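Asker: The structure's right below; bear with me while I get my questions together.
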Amino acid sequence: MAKKRANGEGNIRKRKDGRWEARYTAGHDPKTGKRIIKNVLGKTQAEVREKLKRALEETNGMDVARADDFTVATWLKTWYDLYAKPNVRVATADRYDLMINTYTIPRVGNIKLTKLTSRDLQKLYKDLMEKGRERKTKTGAQGLSSTTVRSVHLMLHCAFERAVKERLIPRNPTDDCIAPKVRKFEMKILEPEHMKAYLDAANVRGLLPMFYLELVSGLRKGELVALLWSDLDIKNRTISVSKQYIKNPNGELTLSRPKTETSVRKVSIPQMAVDLLIQEHEKHPRNPYMFPSPITGEMYYPDSVVNLHKKILKDAGLEHIRFHDLRHTFATLALQNGVDIKTVSSMLGHYDAGFTLRTYTHATRQKQDEAAETMGNFMEIMYNKLRKLENA
């Protein structure tokens, strides 16, 4: 029996199983020159015609021969090796490696790159949010944080954007995804009235120079432990921040450049901090580290500094705040005491002052209230003067 074809459509036909099929030339094999034939199926002729139209639009300009060689897994590995790893910090590369090989490939890695849909990715994000952790947290949580899943989304967007540029896929499947909103946590600081108790407790443990410096500079923990004695400029009262120790996914310490280029900076510190650092160095004059571990003589493990911070809080009878909140303390108090936003941003090593402003809105709000009160007082005085002149 002859195959039925739609009138006027030589490449659309009805199959023996009752479904309609459209075949089309998706491209040509670069080695043999032969046509690459693909097909679409549907229950009705109209459905197939619409699918054919979309397929032809999508394959227009695509490198179909190369595109068919990739699964999601093979493309992500290619993108990582060629485009990501050579151009990002070691810590970022390690993070990408974790997100690709632990979070993404086990779930969607076998899907053909050209077949990956926004729905596949949306399911991936949902799965990561619900049960993405390899081990449960202390609270029993199995899912990854919204921040982590959003980071996966942003990484995948970069990887698939490269695939679009290389004509492997017609459009980026992440464009139609709804990435999880980052959950904001209430920022805590070490209140000014608690600082003496905190620093006294640090002093009892012989840690005053380290934690005093942290409160007057807002360094990241990896930057603090990586400081060398040579990073201190006694005359100009500055410390040079050009490196940090961070932990890669394998738990190994790695020395790398700070988070961004703007994080490489000189930070001015008060004279008392300089004096305390000199006293600290006199305890171990031949050691190159600013704060060597008393046990190993090498640099402190960053998480060890966090544990010391917890012990200081406990000794002082203060409620728990994170070590990173000491950085927030520095920024908040600096802004509230009149230091301009651009200066605070450069001291923190932020990539722009706008980020600092958005992060510390609560601190600038106080200054706005003070400015409003100042202007109110000024206007009241001027108004009363004008009234007196009118009544004279």
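The way I read the labels, and the way they are meant: chains A, B, ... in the order of the structure tokens, residue 1 as the first residue of every chain, and ligand 1 as the first ligand shown, with later ones counted on from there.
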Name the residues of region 65-248 of chain A that fall into strand (DSSP E or B) according to DSSP on the backbone, using the chain letters and numbers of this document, as JSON, numbers by chain.
Answerer: {"A": [71, 112, 228, 232, 233, 238, 239, 240, 241, 244, 245, 246, 247]}
Asker: Report as a PDB file with C-alpha atoms, in the first residue's frame all protein, DNA and RNA residues lying within 9 Å of Ala159 (chain A), evaluated on only C-alpha atoms, omitting residues in the same chain fewer than 6 positions from it.
Answerer:
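The file below, selection_26.pdb, is the result:
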ATOM      1  CA  TRP A  75      29.185  19.760  26.916  1.00  0.00           C
ATOM      2  CA  LEU A  76      29.530  20.895  30.539  1.00  0.00           C
ATOM      3  CA  TRP A  79      32.887  24.168  28.652  1.00  0.00           C
ATOM      4  CA  TYR A  80      34.582  23.736  32.023  1.00  0.00           C
ATOM      5  CA  TYR A  83      36.288  28.230  28.889  1.00  0.00           C
ATOM      6  CA  ALA A  84      35.726  28.225  32.649  1.00  0.00           C
TER       7      ALA A  84
END
Asker: What lies within 10 Å of Gly218 (chain A) using only C-alpha atoms, ignoring chain neighbours under 5 positions off, as a PyMOL selection string?
Answerer: chain A and resi 211+213+223-224+267+324-331+344+347-349
Asker: Please list as JSON, numbers by chain every residue within 12 Å of region 274-278 of chain A, counting only C-alpha atoms and excluding residues in the same chain fewer than 5 positions away.
Answerer: {"A": [203, 206, 207, 208, 209, 210, 211, 212, 213, 214, 216, 217, 227, 228, 229, 230, 231, 232, 233, 234, 235, 236, 237, 238, 239, 267, 268, 269, 283, 284, 285, 289, 290, 291]}
Asker: Could you pull out all residues of region 21-107 of chain A with a DSSP call of alpha helix (DSSP H) and give them as an MDAnalysis selection string?
Answerer: chainID A and resid 45:59 64:67 72:79 90:98 105:107
Asker: Which neighbours of Tyr198 (chain A) fall inside 7 Å, counting only C-alpha atoms, when residues of the same chain fewer than 4 positions from it are skipped, and could you give them as a list in words?
Answerer: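 Non-adjacent residues within range: His194, Ala202, Ile312, Leu313 and Ala316 of chain A.
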Asker: Next, dump the selected residues to file, keeping only C-alpha atoms, as a compact mmCIF listing (two decimals), in the first residue's frame.
Answerer:
# COMPACT_ATOMS: atom_id res chain seq x y z
CA HIS A 194 29.72 44.43 73.80
CA ALA A 202 40.24 37.72 73.18
CA ILE A 312 35.66 34.22 72.70
CA LEU A 313 31.92 34.86 72.48
CA ALA A 316 32.46 36.89 77.17
Asker: Would you kindly return, as a list in words, each protein, DNA or RNA residue with an atom no farther than 9 Å from any atom of Ala353 (chain A), considering only C-alpha atoms and excluding same-chain residues fewer than 4 positions away?
Answerer: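 Contacts, with the query itself left out: Ile341, Lys342, Thr343, Val344, Ser345, Ser346, Leu357 and Arg358 of chain A.
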Asker: Determine, counting only C-alpha atoms, which protein, DNA and RNA residues have an atom within 7 Å of an atom of region 293-301 of chain A; residues of the same chain fewer than 3 positions away are not included. Present the result as a list in words.
Answerer: Val225, Ala226, Tyr289, Ser304 and Val305 of chain A
Asker: Return the single residue from A:Lys184, A:Asn337, A:Leu52, A:Ile105 that is closest to Glu370 (chain A), with distances computed using only C-alpha atoms.
Answerer: A:Asn337
Asker: Let me make sure I understand: among A:Pro180, A:Pro170, A:Asp340, A:Cys158, which one has the smallest atom-to-atom distance to Arg54 (chain A) if we use only C-alpha atoms?
Answerer: A:Pro170
Asker: Between A:Val339, A:Leu156, A:Cys177, A:Val164, which has the minimum distance to Lys123 (chain A) (counting only C-alpha atoms)?
Answerer: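 Closest to Lys123 (chain A), using only C-alpha atoms: A:Cys177.
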